[in-house]
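I have placed the structure first, in the form of C-alpha cells, so that the comments after it can refer back to it.
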Amino acid sequence: MKIVIPVDEKTLESKVCVSFGRTPYFLIYDVETKESIFIDNSAAASTGGAGIKAAQIIVDNKADVLLTPRLGENAAEVLKPAEIKIYKTITGSAKDNIDAFIDGKLPLLDEFHAGFHGHGGN
Amino acid sequence: MRIAVLSGKGGTGKTLVSVNLAAAAKASTYIDCDVEEPNGHLFFKPEGVQVEEISVKIPKVDHELCNGCRKCVEFCSFNALAYIKNKLIVFDDVCHSCGGCILVCPESALTEKAKVIGKIKKGVSGEVVVWTGVLNTGEATGIPIIKKLLNADNPQGDQLIFIDCPPGSACIVMESIKDADYCVLVAEPTLFGVHNLGMVYELVKLFNKPFGVVLNKCLEGENPAEKFCLEKNIKILGRIPFDNELGTLNSNAEIAVNKNEKYRELFSSLLNTVTKEVQHETTTNP
C-alpha cells in the first residue's frame, strides 16, 4: 500500500505542507517495503488548477491513500474515480502521520473546500 | 471618445463619477464593465432593455475516440483536464476557453460546446444609452463579456462613452481600458486609497494612456491622495467633497446631477475639464 503526503521538505521529519496542490514535494511511502520516495510537485507553479494537476500526479504514482490537512473540491473530483482514500493529517511530522494512519488514528477527510481561485485577491 | 473610469479599490467612487459624468454629458453612452457586481443600472433605471446571453467555448469529450494519449492534459496551462482510470475529465470552471486542447488532440476526440457565462443588457435612460455586463456567479473570468460590451455597436467620433471599470488593476481592468482614449482615476483621501491609486497609476502608465485624477470624498486638511498627485506631477481633474447630501442621494440610487443644481455644476465642470484633456491628448498624441 502506498501512502502519499504533501511535505515541506524531503525528509520523514518534515512538516506536512498546508497546501495540497502547491506543496513543493510529495512523500510516497510504501507500507510493505517501508521505502520512502520524495518527488517534486510539478503542479506547484501552475497558473491555475494546481490541485487538479497534483491529484493527477498522485494517481499516476499509483497511490492508495492520501494524508493531507485539506483538499480542494477539484482535486477531490480527480481522486474519487481513482478510488484513493483521503485522510486528514494531525499536527506533527510526516512520520508521525504515517504512524498515526497505520494505527488507525487518522479520520477520513470528507469536507472539501471550494478552492482559493484568486477571488478578491487579485 | 472613450473615457475609462477606474480605481484601485472598490467603493472609491467609480460609479458615482461615471454615472454623473454621463448624465451631465446628456447624449452619451455608459458602459458598466464591473461585470461581477454591476450597479450603474440602479441609477439609470434603463428602459427598453434588450438582453443577449454571452457564452464561451469549452471542450467536450468523445470518450469513444479518446485513446488516452494525454496530449491535451499536458498542453493545458490551467490544468483543466485530467486523465483518470482511462477516462478524460474536463473541469469546465477551470477552462479558459483557449481551444488548445482541441487543436492538439490527434484523435479529434475533443469538440467545442458553448457554455453560457453571463449576459449583456442594453437600455436607454433619457439621452444616455446604458450597457451592463453581468457575469454569472462562480465563473472564472468576465473578460469575454467585457470584450462583447466594448465591441458592441457603440458610437464613434466625438460622442462620449464612459466606461465604468471593475476595481483593481488585474486583467479584467486591462481589458476595460485597452481601447480607452483617456483614463480617469478616482482616489480616496486615505493611505489605503493612495496605495490603490498607486496601482492604477502604474497600470495606466504601462498602457501609455493619458490620465488624470478625481479626488473624491475630500475633507478639510491633508489629503494623502492629493499629495501623491502633486509628488508625481499628476493632473488633478477635480475634487468631490465628502458630503452627506451627495452620499444620501447616491445611496438612494439617485443621479446627483439630476437632483441638485450644485452637483450638476460640479460634474459639468469636471466633464468640461475631462473633455478638454481628451481633446488636447487626441490632437497632440493622435
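Please note that chains go A, B, ... in the order of the C-alpha cells, that every chain numbers its residues from 1, and that ligands are numbered from 1 in the order shown.
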Residues of chain B that approach chain A to 9 Å or less, counting only C-alpha atoms: could you list each one with the shortest pair of atoms and its distance in Å to one decimal, rows by chain and increasing residue number, as a Markdown table?
```
| residue | atom | partner | partner_atom | distance |
| --- | --- | --- | --- | --- |
| B:Val73 | CA | A:Lys53 | CA | 8.8 |
| B:Ser77 | CA | A:Thr47 | CA | 6.5 |
| B:Phe78 | CA | A:Gly48 | CA | 4.6 |
| B:Asn79 | CA | A:Gly49 | CA | 4.8 |
| B:Ala80 | CA | A:Gly49 | CA | 6.4 |
| B:Leu81 | CA | A:Ile52 | CA | 7.8 |
| B:Ala82 | CA | A:Gln56 | CA | 6.3 |
| B:Tyr83 | CA | A:Gln56 | CA | 7.2 |
| B:Ile84 | CA | A:Ala82 | CA | 6.3 |
| B:Lys85 | CA | A:Ala82 | CA | 6.2 |
| B:Ile89 | CA | A:Val78 | CA | 7.9 |
| B:Phe91 | CA | A:Asn74 | CA | 7.7 |
| B:Val94 | CA | A:Gly49 | CA | 6.6 |
| B:Ala140 | CA | A:His117 | CA | 8.3 |
| B:Gly168 | CA | A:Asn122 | CA | 7.3 |
| B:Ser169 | CA | A:Asn122 | CA | 7.9 |
| B:Ala170 | CA | A:Asn122 | CA | 6.2 |
```
Open item on the list: Excluding Asn252 of chain B and its own-chain neighbours fewer than 5 positions away, which residues fall within 12 Å of it when counting only C-alpha atoms? Please give them as a list of chain:residue names.
Closed with: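 The filter keeps B:Leu16, B:Leu42, B:Phe43, B:Glu245, B:Leu246, B:Gly247, B:Lys259.
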How would the residues just picked look written out with C-alpha atoms as a short mmCIF file (atom, residue, chain, number, x, y, z; two decimals), in the first residue's frame?
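This is the output file part31.cif:
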```cif
data_model
loop_
_atom_site.label_atom_id
_atom_site.label_comp_id
_atom_site.auth_asym_id
_atom_site.auth_seq_id
_atom_site.Cartn_x
_atom_site.Cartn_y
_atom_site.Cartn_z
CA LEU B 16 -20.60 57.90 -8.84
CA LEU B 42 -29.54 51.03 -10.43
CA PHE B 43 -29.00 54.76 -11.02
CA GLU B 245 -26.26 65.15 0.87
CA LEU B 246 -24.32 63.66 -2.05
CA GLY B 247 -23.82 60.43 -0.11
CA LYS B 259 -31.36 66.19 -8.38
#
```
- [ ] Mind checking which residues fall within 12 Å of Ser269 of chain B, counting only C-alpha atoms, ignoring those fewer than 3 positions away in the same chain, and posting them as a PyMOL selection string?
- [x] chain B and resi 20-21+24-25+237-240+257+262-266+272-276
Task: Residue set, segment 28-83 of chain A restricted to strand (DSSP E or B), as a PyMOL selection string - done: chain A and resi 28-30+35-40+65-68+72
How would the residues just picked look written out with C-alpha atoms as a short mmCIF file (atom, residue, chain, number, x, y, z; two decimals), in the first residue's frame?
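To be explicit, this is the file written out as part.cif:
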```cif
data_model
loop_
_atom_site.label_atom_id
_atom_site.label_comp_id
_atom_site.auth_asym_id
_atom_site.auth_seq_id
_atom_site.Cartn_x
_atom_site.Cartn_y
_atom_site.Cartn_z
CA ILE A 28 5.41 8.43 -1.26
CA TYR A 29 5.70 5.83 1.48
CA ASP A 30 5.35 2.14 0.81
CA GLU A 35 10.57 2.68 1.41
CA SER A 36 10.24 6.48 1.13
CA ILE A 37 10.43 8.35 -2.15
CA PHE A 38 10.23 12.14 -2.46
CA ILE A 39 9.01 13.62 -5.72
CA ASP A 40 8.88 17.27 -6.83
CA VAL A 65 -4.01 6.67 0.38
CA LEU A 66 -3.52 10.44 0.65
CA LEU A 67 -2.84 12.12 4.01
CA THR A 68 -3.43 15.89 3.80
CA GLY A 72 -9.94 21.36 -2.79
#
```
Open item on the list: I need the residue nearest Val90 of chain B from this list: B:Gly212, B:Ile58, B:Glu112, B:Gly118. Use only C-alpha atoms for the distance.
Closed with: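 Distance minimum relative to Val90 of chain B lands on B:Ile58.
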TODO: Would you list, as a PyMOL selection string, the residues of segment 65-210 of chain B that end up in helix (DSSP H, G or I) under DSSP run on this structure's backbone?
DONE: chain B and resi 71-75+100-104+143-151+171-177+191-206
TODO: Would you list the contacts of segment 9-15 of chain A as a PyMOL selection string, taking every protein, DNA or RNA residue within 9 Å and counting only C-alpha atoms, but skipping same-chain residues closer than 6 positions in sequence?
DONE: chain A and resi 24-27+36-39+91-96
- [ ] Calculate how many Å separate atom CA of Cys76 of chain B from atom CA of Asp8 of chain A, rounding to one decimal.
- [x]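 These atoms are spaced 26.3 Å apart.
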TODO: With a distance cut-off of 12 Å and only C-alpha atoms, select the neighbouring residues of Leu203 of chain B, excluding the residue or stretch itself and same-chain residues fewer than 2 positions from it, and output the selection as a list in words.
DONE: Leu6, Ser7, Gly8, Gly168, Ser169, Ala170, Cys171, Val173, Met174, Glu175, Ser176, Ile177, Lys178, Cys183, Leu185, Asn196, Leu197, Gly198, Met199, Val200, Tyr201, Lys205, Leu206, Phe207, Asn208, Lys209, Pro210 and Phe211 of chain B
- [ ] Please measure the separation of atom CA of Leu108 of chain A and atom CA of Asp92 of chain B, giving the value in Å to one decimal.
- [x]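 For atom CA of Leu108 of chain A relative to atom CA of Asp92 of chain B, the distance reads 27.6 Å.
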